[in-house]
>>> print(open('run_17.cif').read())   # mmCIF, C-alpha atoms
data_upload
loop_
_atom_site.label_atom_id
_atom_site.label_comp_id
_atom_site.auth_asym_id
_atom_site.auth_seq_id
_atom_site.Cartn_x
_atom_site.Cartn_y
_atom_site.Cartn_z
CA MET A 1 25.57 31.77 15.26
CA SER A 2 28.05 30.99 12.48
CA ILE A 3 25.31 28.87 10.90
CA LEU A 4 23.22 32.02 10.43
CA SER A 5 25.90 34.01 8.62
CA SER A 6 26.71 31.14 6.26
CA VAL A 7 23.01 30.56 5.51
CA PHE A 8 22.36 34.24 4.92
CA SER A 9 25.36 34.38 2.57
CA GLY A 10 24.00 31.37 0.69
CA LEU A 11 20.52 32.86 0.43
CA LEU A 12 21.86 36.20 -0.81
CA ALA A 13 23.98 34.40 -3.39
CA ALA A 14 20.89 32.55 -4.62
CA VAL A 15 19.02 35.81 -5.22
CA LYS A 16 20.83 37.26 -8.23
CA SER A 17 18.61 38.01 -11.20
CA GLU A 18 15.94 40.66 -11.47
CA GLU A 19 13.18 38.03 -11.14
CA GLU A 20 14.79 36.53 -8.08
CA GLN A 21 15.02 39.94 -6.43
CA ALA A 22 11.31 39.61 -5.72
CA LEU A 23 12.59 37.61 -2.77
CA LEU A 24 14.66 40.44 -1.32
CA PRO A 25 11.83 41.99 0.77
CA PRO A 26 10.93 38.68 2.51
CA LEU A 27 14.65 37.94 2.89
CA ALA A 28 15.15 41.34 4.54
CA ALA A 29 12.16 40.63 6.80
CA MET A 30 13.76 37.32 7.76
CA PHE A 31 17.05 39.09 8.61
CA ASN A 32 15.23 41.66 10.75
CA ASN A 33 13.08 39.13 12.57
CA VAL A 34 16.06 36.91 13.35
CA ALA A 35 18.01 39.96 14.57
CA LEU A 36 15.15 40.89 16.91
CA ASN A 37 15.09 37.39 18.41
CA PRO A 38 18.38 35.68 17.57
CA THR A 39 17.57 32.20 18.82
CA THR A 40 18.03 29.09 16.73
CA ALA A 41 14.35 28.22 17.15
CA ASN A 42 13.31 31.60 15.75
CA PHE A 43 15.83 31.26 12.94
CA VAL A 44 14.29 27.94 11.85
CA ALA A 45 10.76 29.37 12.09
CA GLN A 46 11.73 32.46 10.07
CA GLY A 47 13.45 30.23 7.54
CA ASN A 48 10.25 28.26 7.09
CA LEU A 49 8.31 31.50 6.53
CA PHE A 50 10.86 32.66 3.96
CA LEU A 51 10.70 29.32 2.16
CA SER A 52 6.91 29.72 1.90
CA GLU A 53 7.50 33.04 0.12
CA ALA A 54 10.00 31.35 -2.19
CA ILE A 55 7.49 28.58 -3.00
CA ALA A 56 4.87 31.20 -3.84
CA ALA A 57 7.39 32.91 -6.14
CA GLN A 58 8.48 29.68 -7.84
CA ALA A 59 7.10 30.75 -11.22
CA LYS A 60 9.37 33.82 -11.12
CA ILE A 61 12.50 32.44 -9.52
CA GLY A 62 12.48 28.98 -11.11
CA GLN A 63 12.84 25.47 -9.77
CA ASP A 64 16.63 25.49 -9.33
CA VAL A 65 16.71 28.62 -7.16
CA LEU A 66 13.85 27.27 -5.04
CA LYS A 67 15.72 23.99 -4.54
CA SER A 68 18.91 25.87 -3.66
CA ILE A 69 17.12 27.97 -1.02
CA ALA A 70 15.35 24.91 0.44
CA ALA A 71 18.66 23.04 0.58
CA ASP A 72 20.43 25.91 2.40
CA LEU A 73 17.65 26.13 4.97
CA ALA A 74 17.46 22.35 5.44
CA VAL A 75 21.23 22.16 6.03
CA ALA A 76 20.91 24.91 8.63
CA ALA A 77 17.96 23.14 10.30
CA GLN A 78 19.98 19.92 10.41
CA GLU A 79 22.91 21.75 12.03
CA VAL A 80 20.57 23.27 14.61
CA ALA A 81 19.13 19.80 15.31
CA ASN A 82 22.64 18.36 15.69
CA GLN A 83 23.60 21.12 18.12
CA GLN A 84 20.46 20.54 20.17
CA ASN A 85 21.14 16.80 20.29
CA GLN A 86 24.76 17.41 21.37
CA GLN A 87 23.62 19.83 24.08
CA GLN A 88 21.05 17.32 25.29
CA ALA A 89 23.72 14.60 25.43
CA VAL A 90 26.01 16.91 27.43
CA ASN A 91 23.20 17.74 29.84
CA GLN A 92 22.41 14.07 30.34
CA ALA A 93 26.07 13.18 30.87
CA ALA A 94 26.66 15.93 33.47
CA PRO A 95 26.94 14.62 37.07
CA ALA A 96 23.89 15.06 39.23
CA PRO A 97 24.11 18.13 41.51
CA ALA A 98 25.47 17.47 44.97
CA PRO A 99 22.75 16.95 47.56
CA ALA A 100 21.94 19.91 49.79
CA PRO A 101 23.79 19.89 53.12
CA ALA A 102 21.88 17.95 55.71
CA THR A 103 20.25 19.90 58.49
CA ALA A 104 21.40 19.28 62.04
CA ALA A 105 20.91 15.62 62.80
CA LYS A 106 18.09 14.88 65.14
CA PRO A 107 19.12 13.02 68.29
CA SER A 108 18.34 9.33 68.11
CA VAL A 109 15.80 7.81 70.46
CA GLY A 110 18.68 5.92 72.13
CA SER A 111 20.74 9.06 72.87
CA PHE A 112 17.61 10.87 74.07
CA LEU A 113 16.82 8.06 76.51
CA ALA A 114 20.47 7.86 77.60
CA GLY A 115 20.42 11.60 78.34
CA ARG A 116 17.24 11.29 80.37
CA ALA A 117 18.67 8.36 82.34
CA ALA A 118 21.82 10.35 83.22
CA LYS A 119 19.75 13.11 84.89
CA MET B 1 15.00 16.00 21.10
CA ASN B 2 12.29 17.49 23.28
CA ALA B 3 11.60 20.63 21.26
CA PRO B 4 8.03 21.91 21.40
CA LEU B 5 5.69 20.82 18.60
CA LEU B 6 5.09 24.16 16.91
CA ALA B 7 4.57 23.22 13.29
CA ARG B 8 2.41 20.79 11.32
CA MET B 9 3.17 18.58 8.37
CA ARG B 10 0.05 18.40 6.23
CA TRP B 11 -1.16 16.18 3.42
CA GLN B 12 -4.17 16.06 1.15
CA PHE B 13 -5.44 12.56 0.33
CA VAL B 14 -7.90 12.47 -2.56
CA LEU B 15 -10.08 10.07 -4.52
CA GLY B 16 -9.87 10.91 -8.20
CA ASP B 17 -12.96 11.06 -10.36
CA ASP B 18 -12.16 8.18 -12.76
CA LEU B 19 -12.12 4.37 -12.86
CA PHE B 20 -8.34 4.01 -12.47
CA SER B 21 -8.46 6.12 -9.31
CA GLU B 22 -11.37 4.00 -8.00
CA ALA B 23 -9.25 0.88 -8.56
CA ILE B 24 -6.28 2.35 -6.63
CA ALA B 25 -8.58 3.45 -3.80
CA TRP B 26 -10.09 -0.05 -3.63
CA TYR B 27 -6.67 -1.79 -3.62
CA GLY B 28 -5.87 -3.06 -0.12
CA GLU B 29 -8.65 -1.08 1.55
CA GLY B 30 -11.88 -2.37 0.01
CA TYR B 31 -13.91 0.78 0.40
CA GLY B 32 -13.54 4.36 1.61
CA GLY B 33 -10.00 4.58 0.26
CA TYR B 34 -7.95 7.20 -1.55
CA SER B 35 -6.11 7.16 -4.86
CA HIS B 36 -3.56 9.96 -4.45
CA VAL B 37 -1.69 11.99 -1.83
CA ASP B 38 0.14 15.33 -2.00
CA ALA B 39 1.98 17.30 0.67
CA LEU B 40 -0.09 20.38 1.48
CA LEU B 41 2.30 23.35 1.73
CA PRO B 42 1.61 26.39 3.95
CA ASN B 43 0.49 28.54 0.99
CA GLY B 44 -2.06 25.89 -0.06
CA SER B 45 -0.10 24.55 -3.01
CA LEU B 46 0.38 20.81 -3.36
CA LEU B 47 3.72 19.04 -3.72
CA GLY B 48 3.47 15.51 -5.07
CA ALA B 49 4.29 12.91 -7.70
CA ARG B 50 1.82 12.32 -10.54
CA ASN B 51 1.92 10.38 -13.78
CA ASP B 52 -0.09 12.94 -15.77
CA VAL B 53 0.28 16.50 -16.98
CA VAL B 54 -2.08 18.49 -14.77
CA GLY B 55 -2.29 21.84 -13.04
CA GLY B 56 -0.05 23.35 -15.70
CA LYS B 57 2.84 21.15 -14.59
CA PRO B 58 4.55 18.15 -16.20
CA ALA B 59 4.34 14.61 -14.81
CA GLY B 60 6.63 13.69 -11.94
CA VAL B 61 7.34 15.54 -8.70
CA GLN B 62 6.07 19.12 -8.90
CA ILE B 63 4.39 21.84 -6.87
CA ARG B 64 0.88 22.18 -8.26
CA PRO B 65 -1.77 24.80 -7.52
CA PRO B 66 -4.56 24.12 -5.04
CA GLU B 67 -7.66 22.54 -6.65
CA TYR B 68 -5.58 21.49 -9.68
CA GLU B 69 -8.13 18.76 -10.38
CA ARG B 70 -11.66 17.75 -9.48
CA TRP B 71 -11.85 15.06 -6.77
CA LYS B 72 -14.68 12.87 -5.47
CA ARG B 73 -13.47 12.89 -1.88
CA ARG B 74 -10.57 14.25 0.11
CA ALA B 75 -9.03 14.09 3.56
CA ILE B 76 -6.74 16.69 5.11
CA VAL B 77 -4.23 15.12 7.46
CA GLU B 78 -2.14 17.09 9.98
CA LEU B 79 0.75 15.81 12.06
CA ALA B 80 2.27 18.01 14.77
CA CYS B 81 6.05 18.38 14.53
CA THR B 82 8.91 20.65 15.53
CA SER B 83 9.94 23.57 13.33
CA ILE B 84 13.16 21.74 12.56
CA GLU B 85 11.31 18.58 11.46
CA PHE B 86 9.06 20.74 9.29
CA SER B 87 12.03 22.49 7.71
CA LEU B 88 13.77 19.19 6.94
CA TRP B 89 10.55 17.59 5.66
CA GLN B 90 9.67 20.48 3.37
CA GLY B 91 13.28 20.93 2.26
CA TRP B 92 13.62 17.26 1.33
CA LEU B 93 10.35 17.28 -0.62
CA ILE B 94 11.43 20.39 -2.55
CA SER B 95 14.78 18.71 -3.29
CA GLN B 96 12.82 16.01 -5.16
CA ILE B 97 11.09 18.44 -7.57
CA GLY B 98 11.74 17.38 -11.14
CA GLN B 99 12.16 13.69 -10.31
CA LYS B 100 10.15 11.40 -12.59
CA TYR B 101 7.07 9.29 -11.85
CA ASP B 102 7.85 5.67 -10.97
CA LYS B 103 5.80 3.77 -13.57
CA ALA B 104 7.75 0.58 -12.84
CA ALA B 105 6.53 0.61 -9.22
CA ILE B 106 2.91 0.73 -10.43
CA LEU B 107 3.64 -2.19 -12.75
CA GLY B 108 5.12 -4.01 -9.76
CA PHE B 109 1.79 -3.76 -7.91
CA LEU B 110 0.07 -5.42 -10.86
CA THR B 111 2.67 -8.12 -11.60
CA GLY B 112 3.58 -8.83 -7.97
CA LYS B 113 7.26 -8.05 -8.58
CA ALA B 114 9.51 -5.56 -6.76
CA ASP B 115 9.94 -3.29 -9.77
CA HIS B 116 11.10 0.21 -8.98
CA THR B 117 13.38 2.81 -10.55
CA ASP B 118 15.77 4.50 -8.09
CA GLY B 119 15.07 8.22 -7.70
CA TYR B 120 11.60 7.93 -9.25
CA TRP B 121 8.49 8.18 -7.09
CA ILE B 122 4.85 7.25 -6.94
CA CYS B 123 2.76 9.68 -4.86
CA SER B 124 2.65 7.75 -1.59
CA ALA B 125 6.27 6.57 -1.85
CA LEU B 126 7.44 10.19 -2.07
CA GLN B 127 5.55 11.15 1.10
CA THR B 128 6.68 7.98 2.91
CA GLY B 129 10.27 8.67 1.86
CA ALA B 130 10.03 12.19 3.29
CA LEU B 131 8.79 10.89 6.65
CA GLU B 132 11.58 8.30 6.75
CA GLU B 133 14.14 10.93 5.73
CA VAL B 134 13.29 13.19 8.68
CA LYS B 135 13.09 10.12 10.94
CA ARG B 136 9.48 10.79 11.86
CA ILE B 137 8.85 7.13 11.09
CA PRO B 138 11.34 4.26 11.14
CA LYS B 139 12.14 2.35 7.97
CA LEU B 140 8.92 0.45 7.37
CA ILE B 141 8.63 -3.30 6.79
CA VAL B 142 7.98 -2.55 3.12
CA PRO B 143 9.93 -0.11 0.91
CA PRO B 144 8.34 3.29 0.19
CA GLN B 145 7.35 2.24 -3.35
CA GLN B 146 5.17 -0.50 -1.86
CA VAL B 147 3.23 1.94 0.34
CA THR B 148 -0.14 2.90 -1.14
CA PRO B 149 -2.02 6.10 -0.22
CA ASN B 150 -4.35 4.00 1.95
CA THR B 151 -1.44 2.41 3.82
CA LEU B 152 0.21 5.81 4.38
CA LEU B 153 -3.04 7.19 5.79
CA VAL B 154 -3.19 4.31 8.29
CA VAL B 155 0.47 4.92 9.26
CA LEU B 156 -0.24 8.63 9.83
CA SER B 157 -3.36 7.95 11.88
CA ALA B 158 -1.32 5.54 14.05
CA LEU B 159 1.13 8.41 14.66
CA GLY B 160 -1.74 10.50 16.00
CA ALA B 161 -2.34 12.65 12.94
CA LYS B 162 -5.58 14.61 12.81
CA VAL B 163 -7.72 13.57 9.85
CA THR B 164 -10.47 15.80 8.48
CA ILE B 165 -12.68 14.25 5.80
CA ARG B 166 -14.07 16.59 3.17
CA ASN B 167 -16.54 15.58 0.51
CA ALA B 168 -15.39 17.39 -2.60
#
>>> encode(input="run_17.cif", output="structure tokens")
Amino acid sequence: MSILSSVFSGLLAAVKSEEEQALLPPLAAMFNNVALNPTTANFVAQGNLFLSEAIAAQAKIGQDVLKSIAADLAVAAQEVANQQNQQQAVNQAAPAPAPAPATAAKPSVGSFLAGRAAK
Amino acid sequence: MNAPLLARMRWQFVLGDDLFSEAIAWYGEGYGGYSHVDALLPNGSLLGARNDVVGGKPAGVQIRPPEYERWKRRAIVELACTSIEFSLWQGWLISQIGQKYDKAAILGFLTGKADHTDGYWICSALQTGALEEVKRIPKLIVPPQQVTPNTLLVVLSALGAKVTIRNA
């Protein structure tokens, strides 16, 4: 989860001025929600929710801060996508599991008949 | 990537209430067309490229308030996507805020020449560029600046987007 810590650092750095601190409550909510369910999928979803809050606050925080936040989250989403693609490639490249051991072989018709004939 | 489709990219296609808009809507479609498209963000605001000062925002790529203008007709278009695709799509669109309107591309439609200024956008080119950027569509046979709102709507419907027509 090194992506998360670097993104959180970037987001905190973006929120500096008094106006921008309007974003601190939704940012804290994002931290908490990701901590409760620390999966990459939840991180991306929470990031999208946070970006919606930033868009709504654009008049306060300004265009440059909004673009900075969106860029941080997009970079993180791209890294998550890359990791998922790599994992999928690894899964596809892995050898197929060995077949289950065969159950006791049934006697062939020939051996059955041979056995009968010997009696 | 086989991630579940949890999010939706959304657009608002509109027919403006003036003769120039009617001409754009007619171009290439004949009738029933649209003159402008914006990305519809989750909070209802609209991110798009315009050549006029409207909605309290300058020309070019901006986030404008819902209902920033009166329209004759509109269609809401929704395309299911993964959360990651949504994040990349929205992030790329926001990265374009402040870019200028591509007047040369409009002139190119009229003169039949491939005029275009790099980094500038007409409304439908911006949205086409976003879809290409997140690889939701391949590079089309024509460049983004040659894609009209009507063409983009056909592309989206071919992708399985849900289209809801609203008479404004």
>>> closest_residue(input="run_17.cif", among="B:Ala59, B:Ala49, B:Ile106, B:Val54", to="Gln127 (chain B)", atoms="only C-alpha atoms")
B:Ala49
>>> resolve_selection(input="run_17.cif", expression="the PyMOL selection byres ((chain B) within 7 of (chain A))", output="ChimeraX atom specification")
/B:1,42-43,83-84,87-88,91,94-95
>>> resolve_selection(input="run_17.cif", expression="the PyMOL selection byres ((chain B and resi 55) around 7)", output="VMD selection string")
chain B and resid 54 56 to 57 64 to 65 68
>>> atom_distance(input="run_17.cif", atom1="CA of Lys72 (chain B)", atom2="CA of Leu159 (chain B)")
26.0 Å
>>> resolve_selection(input="run_17.cif", expression="the PyMOL selection byres ((chain B and resi 140-157) around 6)", output="PyMOL selection string")
chain B and resi 33-34+36+124-125+128-129+138-139+158-161
>>> write_last_selection(input="run_17.cif", atoms="C-alpha atoms", output="mmCIF file, keeping the file's coordinate frame")
data_model
loop_
_atom_site.group_PDB
_atom_site.id
_atom_site.type_symbol
_atom_site.label_atom_id
_atom_site.label_comp_id
_atom_site.auth_asym_id
_atom_site.auth_seq_id
_atom_site.Cartn_x
_atom_site.Cartn_y
_atom_site.Cartn_z
ATOM 1 C CA GLY B 33 -10.000 4.580 0.260
ATOM 2 C CA TYR B 34 -7.950 7.200 -1.550
ATOM 3 C CA HIS B 36 -3.560 9.960 -4.450
ATOM 4 C CA SER B 124 2.650 7.750 -1.590
ATOM 5 C CA ALA B 125 6.270 6.570 -1.850
ATOM 6 C CA THR B 128 6.680 7.980 2.910
ATOM 7 C CA GLY B 129 10.270 8.670 1.860
ATOM 8 C CA PRO B 138 11.340 4.260 11.140
ATOM 9 C CA LYS B 139 12.140 2.350 7.970
ATOM 10 C CA ALA B 158 -1.320 5.540 14.050
ATOM 11 C CA LEU B 159 1.130 8.410 14.660
ATOM 12 C CA GLY B 160 -1.740 10.500 16.000
ATOM 13 C CA ALA B 161 -2.340 12.650 12.940
#
>>> closest_residue(input="run_17.cif", among="A:Gln83, A:Gln92, A:Phe8, A:Phe50", to="Ala22 (chain A)", atoms="all atoms listed in the file")
A:Phe50
>>> closest_residue(input="run_17.cif", among="A:Ser9, A:Val15, A:Ala29, A:Thr39", to="Gly62 (chain A)", atoms="all atoms listed in the file")
A:Val15
>>> closest_residue(input="run_17.cif", among="A:Pro95, A:Ala54, A:Glu18, A:Val7", to="Phe31 (chain A)", atoms="only C-alpha atoms")
A:Val7
>>> atom_distance(input="run_17.cif", atom1="CA of Gly98 (chain B)", atom2="CA of Leu41 (chain B)")
17.0 Å
>>> atom_distance(input="run_17.cif", atom1="CA of Ala7 (chain B)", atom2="CA of Leu79 (chain B)")
8.4 Å
>>> closest_residue(input="run_17.cif", among="B:Ile63, B:Ile137, B:Ile97, B:Cys123", to="Leu40 (chain B)", atoms="only C-alpha atoms")
B:Ile63
>>> residues_around(input="run_17.cif", residues="Thr164 (chain B)", least_positions_apart="6", cutoff="9 Å", atoms="all atoms listed in the file", output="PyMOL selection string")
chain B and resi 74-78
>>> residues_around(input="run_17.cif", residues="Leu110 (chain B)", least_positions_apart="4", cutoff="12 Å", atoms="all atoms listed in the file", output="list of chain:residue names")
B:Ala23, B:Ile24, B:Tyr27, B:Lys103, B:Ala104, B:Ala105, B:Ile106, B:Ala114, B:Asp115, B:Gln146
>>> closest_residue(input="run_17.cif", among="B:Val163, B:Val14, B:Ile122, B:Leu46", to="Arg70 (chain B)", atoms="only C-alpha atoms")
B:Val14
